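Beneath this line is the structure, given in structure tokens, with notes to follow.
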Amino acid sequence: MTPPPSASAEVTVRPCFGHAPPAPGLRTFVERYWWSEGEAGSLPRLLPGTGAELWVHWAGGVALRAPDAAGTPTPLPGAHLVCLRRAAWRLDRHGGAGGFMAVRFRAGALRHLVPVGLDELADRVVDAEDLWGATGRRLVDRVRTATGAAERIAALDRFLTGLLAEHHRPDAWLDAAVGRVYRRPAGLRIDRLAETAGVGERRLQRAFPAAVGAGPKEFQRLARFQRLARHLLREDRRDYLPAALAAGYYDQSHFVREFRRLTGERPGDLLGRGLSHFYYRPLPAGGQAGPLPTRKELP
């Protein structure tokens, strides 16, 4: 299930995996749509991080296991949202062969699409119907009755465009501050971040939890871990120390402690073993440059 090394066209499709960008008006907020089909069994581990995704199933389902993989998996709703996570999650397909389409949101963008603060959604799996009411229920119906990826993408475009019109929030400075922490977490001082944003440090500290699900310092730590884990898993790197030092970890023991605290495992248990994962090379907000197939060419 590991994604392709690059996205050189607007739409990439494999027998069990595909991805495409959203409508142009959504690309500031949504990095991509991606979908997967397969038989029952384990999915890649969902590692701790700042990322937010909405999953909508058209067949089968996904269950969440306890971090230690003990006990009976808990089936998840037909459409569910996952946000900032402070621990690793284990996921299984259930109900036979299944398929789902996911929305991957850009860092800090989800606050413009939900009626509550992200601090109410962190470390949880949230039912789309509980969050968005009848609108969320209709999305599940439309994705399940769609005849292919093009219709599912069109349904998601309409759904998200409506949410954006209803929930878009002001404070562009906050979007810029979140983006800066996410893109360059190493060595960033929170007082300097507030100064650059043109607000006081206390205001920044108060604004971050509702915007992203954690305070700025914790968000910085999770973003650093997520970006480094993505790099190491995507490159299938077992020699992690140079990248860890470049990411701002003081030394090997600092990174190992942080890795074990967040995942419950040592770096060597996950890195350099060719494991499948959920990390992709990001698509730019403006879409891909160069000649592209049209959205009408989706399967």
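Identifiers in this document derive from the order of the structure tokens: chains are assigned A, B, ..., residues are numbered from 1 separately in each chain, and ligands are numbered from 1 in order of occurrence.
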Where does DSSP see strand (DSSP E or B) in stretch 32-264 of chain A, if you list the residues as a VMD selection string? chain A and resid 32 to 38 41 to 42 46 49 53 to 65 74 to 75 79 to 82 85 89 to 105 125 to 127
All residues 12 Å or closer to A:Gly213, only C-alpha atoms, same chain fewer than 5 positions away omitted, as a PyMOL selection string: chain A and resi 49-52+82-86+107-111+116-124+178+205-208+218-220+222
Would you save the residues of that selection, restricted to N, CA and C atoms, as a compact mmCIF listing (two decimals), in the first residue's frame?
# COMPACT_ATOMS: atom_id res chain seq x y z
N GLY A 49 1.15 11.94 14.92
CA GLY A 49 1.44 13.06 14.04
C GLY A 49 0.35 14.11 14.08
N THR A 50 0.52 15.12 13.27
CA THR A 50 -0.40 16.26 13.24
C THR A 50 -1.43 16.14 12.14
N GLY A 51 -1.32 15.12 11.29
CA GLY A 51 -2.16 15.02 10.10
C GLY A 51 -3.62 14.77 10.41
N ALA A 52 -4.48 15.23 9.51
CA ALA A 52 -5.92 15.03 9.62
C ALA A 52 -6.45 14.44 8.32
N VAL A 82 -10.01 11.47 11.46
CA VAL A 82 -8.91 11.32 12.40
C VAL A 82 -8.07 12.59 12.34
N CYS A 83 -7.65 13.05 13.50
CA CYS A 83 -6.90 14.31 13.57
C CYS A 83 -5.56 14.07 14.26
N LEU A 84 -5.07 15.07 14.94
CA LEU A 84 -3.80 14.96 15.64
C LEU A 84 -3.83 13.77 16.59
N ARG A 85 -2.74 12.99 16.58
CA ARG A 85 -2.65 11.77 17.39
C ARG A 85 -1.34 11.79 18.18
N ARG A 86 -1.43 11.42 19.44
CA ARG A 86 -0.26 11.37 20.31
C ARG A 86 0.25 9.94 20.50
N ALA A 107 -1.85 20.98 6.61
CA ALA A 107 -1.61 21.32 8.00
C ALA A 107 -2.39 22.58 8.39
N GLY A 108 -3.18 22.47 9.44
CA GLY A 108 -3.92 23.61 9.96
C GLY A 108 -5.18 23.95 9.21
N ALA A 109 -5.50 23.23 8.13
CA ALA A 109 -6.63 23.60 7.28
C ALA A 109 -7.97 23.10 7.81
N LEU A 110 -7.97 22.05 8.61
CA LEU A 110 -9.24 21.45 9.01
C LEU A 110 -10.10 22.40 9.83
N ARG A 111 -9.50 23.36 10.52
CA ARG A 111 -10.29 24.28 11.33
C ARG A 111 -11.29 25.08 10.51
N VAL A 116 -16.31 22.87 15.39
CA VAL A 116 -15.75 22.86 16.75
C VAL A 116 -14.24 23.06 16.68
N GLY A 117 -13.63 23.31 17.84
CA GLY A 117 -12.18 23.42 17.90
C GLY A 117 -11.52 22.07 17.75
N LEU A 118 -10.33 22.06 17.20
CA LEU A 118 -9.61 20.79 16.99
C LEU A 118 -9.17 20.16 18.30
N ASP A 119 -9.14 20.93 19.39
CA ASP A 119 -8.81 20.32 20.67
C ASP A 119 -9.91 19.37 21.14
N GLU A 120 -11.11 19.49 20.57
CA GLU A 120 -12.19 18.55 20.89
C GLU A 120 -12.12 17.27 20.05
N LEU A 121 -11.28 17.28 19.02
CA LEU A 121 -11.23 16.15 18.09
C LEU A 121 -9.92 15.36 18.17
N ALA A 122 -8.91 15.90 18.82
CA ALA A 122 -7.60 15.25 18.86
C ALA A 122 -7.69 13.90 19.58
N ASP A 123 -6.88 12.95 19.13
CA ASP A 123 -6.77 11.61 19.74
C ASP A 123 -8.09 10.85 19.72
N ARG A 124 -8.94 11.15 18.76
CA ARG A 124 -10.24 10.49 18.67
C ARG A 124 -10.51 10.11 17.22
N VAL A 178 0.87 28.27 11.90
CA VAL A 178 0.80 26.81 11.87
C VAL A 178 1.66 26.27 10.73
N GLN A 205 -0.37 31.04 22.23
CA GLN A 205 -0.56 29.84 23.03
C GLN A 205 -2.04 29.49 23.16
N ARG A 206 -2.90 30.49 23.30
CA ARG A 206 -4.34 30.24 23.45
C ARG A 206 -4.97 29.79 22.14
N ALA A 207 -4.49 30.30 21.01
CA ALA A 207 -5.12 30.04 19.71
C ALA A 207 -4.79 28.66 19.16
N PHE A 208 -3.60 28.13 19.45
CA PHE A 208 -3.16 26.90 18.80
C PHE A 208 -4.02 25.67 19.11
N GLU A 218 3.91 21.45 21.67
CA GLU A 218 3.61 20.05 21.40
C GLU A 218 3.37 19.81 19.92
N PHE A 219 2.70 20.73 19.25
CA PHE A 219 2.49 20.61 17.81
C PHE A 219 3.84 20.57 17.10
N GLN A 220 4.78 21.39 17.55
CA GLN A 220 6.12 21.41 16.96
C GLN A 220 6.80 20.05 17.11
N LEU A 222 5.38 17.06 17.56
CA LEU A 222 4.71 16.06 16.73
C LEU A 222 5.02 16.26 15.26
If we count only C-alpha atoms and set the cut-off at 9 Å, which residues sit around A:Leu228, ignoring sequence neighbours fewer than 5 positions away in its own chain? Please answer as a CSV table (one decimal) with all heavy atoms, in the first residue's frame.
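Result saved to result-v5.csv:
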chain,number,residue,atom,x,y,z
A,223,ALA,N,5.1,17.5,14.8
A,223,ALA,CA,5.4,17.8,13.4
A,223,ALA,C,6.8,17.4,13.1
A,223,ALA,O,7.0,16.8,12.0
A,223,ALA,CB,5.2,19.3,13.1
A,233,LEU,N,10.7,6.4,6.4
A,233,LEU,CA,9.9,5.3,5.9
A,233,LEU,C,9.8,5.4,4.4
A,233,LEU,O,9.8,4.4,3.7
A,233,LEU,CB,8.5,5.3,6.6
A,233,LEU,CG,8.5,4.8,8.0
A,233,LEU,CD1,7.1,5.1,8.6
A,233,LEU,CD2,8.8,3.3,8.1
A,240,TYR,N,19.2,6.2,10.6
A,240,TYR,CA,18.4,7.4,10.9
A,240,TYR,C,19.1,8.5,11.5
A,240,TYR,O,18.6,9.7,11.6
A,240,TYR,CB,17.2,7.0,11.8
A,240,TYR,CG,17.6,6.3,13.1
A,240,TYR,CD1,18.0,7.1,14.1
A,240,TYR,CD2,17.6,4.9,13.2
A,240,TYR,CE1,18.4,6.5,15.3
A,240,TYR,CE2,18.0,4.3,14.4
A,240,TYR,CZ,18.4,5.1,15.5
A,240,TYR,OH,18.8,4.5,16.6
A,243,ALA,N,19.6,12.1,9.7
A,243,ALA,CA,18.4,12.7,9.4
A,243,ALA,C,17.8,13.2,10.8
A,243,ALA,O,17.2,14.3,10.8
A,243,ALA,CB,17.4,11.8,8.7
A,244,ALA,N,17.9,12.5,11.8
A,244,ALA,CA,17.4,12.9,13.1
A,244,ALA,C,18.1,14.1,13.6
A,244,ALA,O,17.5,15.1,14.2
A,244,ALA,CB,17.6,11.7,14.1
A,247,ALA,N,16.9,17.1,11.8
A,247,ALA,CA,15.6,17.5,12.2
A,247,ALA,C,15.5,18.2,13.5
A,247,ALA,O,14.4,18.6,13.9
A,247,ALA,CB,14.7,16.2,12.2
Atom CA of A:Phe159 and atom CA of A:Ala134, how far apart in Å?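 It comes out at 11.5 Å.
Nearest residue to A:Pro185, choosing from A:Pro216, A:Pro75, A:Gly61, A:Gly264 and counting only C-alpha atoms: A:Pro216.
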Give the helix (DSSP H, G or I) residues of stretch 26-222 of chain A, as assigned by DSSP on the backbone, as a PyMOL selection string. chain A and resi 26+110-112+118-120+128-132+134-145+149-167+172-183+190-197+201-212+216-222
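Atom pair atom CA of A:Phe278 / atom CA of A:Ile190: separated by 29.3 Å.
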Coordinates-based distance that separates atom CA of A:His19 from atom CA of A:Ala150 (Å, one decimal): 11.1 Å
Using only C-alpha atoms, which protein or nucleic acid residues come within 7 Å of A:Ala186? Drop anything in the same chain fewer than 2 positions from it, and give the result as a PDB file with N, CA, C and O atoms, in the first residue's frame.
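Final file, part28.pdb:
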ATOM      1  N   ARG A 184       8.906  23.916   9.168  1.00  0.00           N
ATOM      2  CA  ARG A 184      10.268  24.068   9.690  1.00  0.00           C
ATOM      3  C   ARG A 184      10.262  23.947  11.214  1.00  0.00           C
ATOM      4  O   ARG A 184      10.537  24.926  11.926  1.00  0.00           O
ATOM      5  N   LEU A 188      12.788  26.046  15.996  1.00  0.00           N
ATOM      6  CA  LEU A 188      11.904  27.208  15.986  1.00  0.00           C
ATOM      7  C   LEU A 188      11.518  27.582  17.412  1.00  0.00           C
ATOM      8  O   LEU A 188      11.008  26.756  18.168  1.00  0.00           O
ATOM      9  N   ARG A 224       7.724  17.606  13.993  1.00  0.00           N
ATOM     10  CA  ARG A 224       9.111  17.168  13.760  1.00  0.00           C
ATOM     11  C   ARG A 224       9.180  15.655  13.633  1.00  0.00           C
ATOM     12  O   ARG A 224       9.819  15.124  12.711  1.00  0.00           O
ATOM     13  N   ALA A 247      16.950  17.092  11.818  1.00  0.00           N
ATOM     14  CA  ALA A 247      15.591  17.457  12.190  1.00  0.00           C
ATOM     15  C   ALA A 247      15.519  18.177  13.536  1.00  0.00           C
ATOM     16  O   ALA A 247      14.440  18.645  13.920  1.00  0.00           O
ATOM     17  N   GLY A 248      16.654  18.255  14.245  1.00  0.00           N
ATOM     18  CA  GLY A 248      16.665  18.998  15.488  1.00  0.00           C
ATOM     19  C   GLY A 248      16.775  18.172  16.741  1.00  0.00           C
ATOM     20  O   GLY A 248      16.739  18.723  17.857  1.00  0.00           O
TER      21      GLY A 248
END
A:Leu160 surroundings by only C-alpha atoms, 12 Å radius, close-in-sequence under 5 positions cut, as a ChimeraX atom specification: /A:22-23,25-27,29-30,33,54,103-105,109-110,112-114,132,135-136,139,153-155,165-168
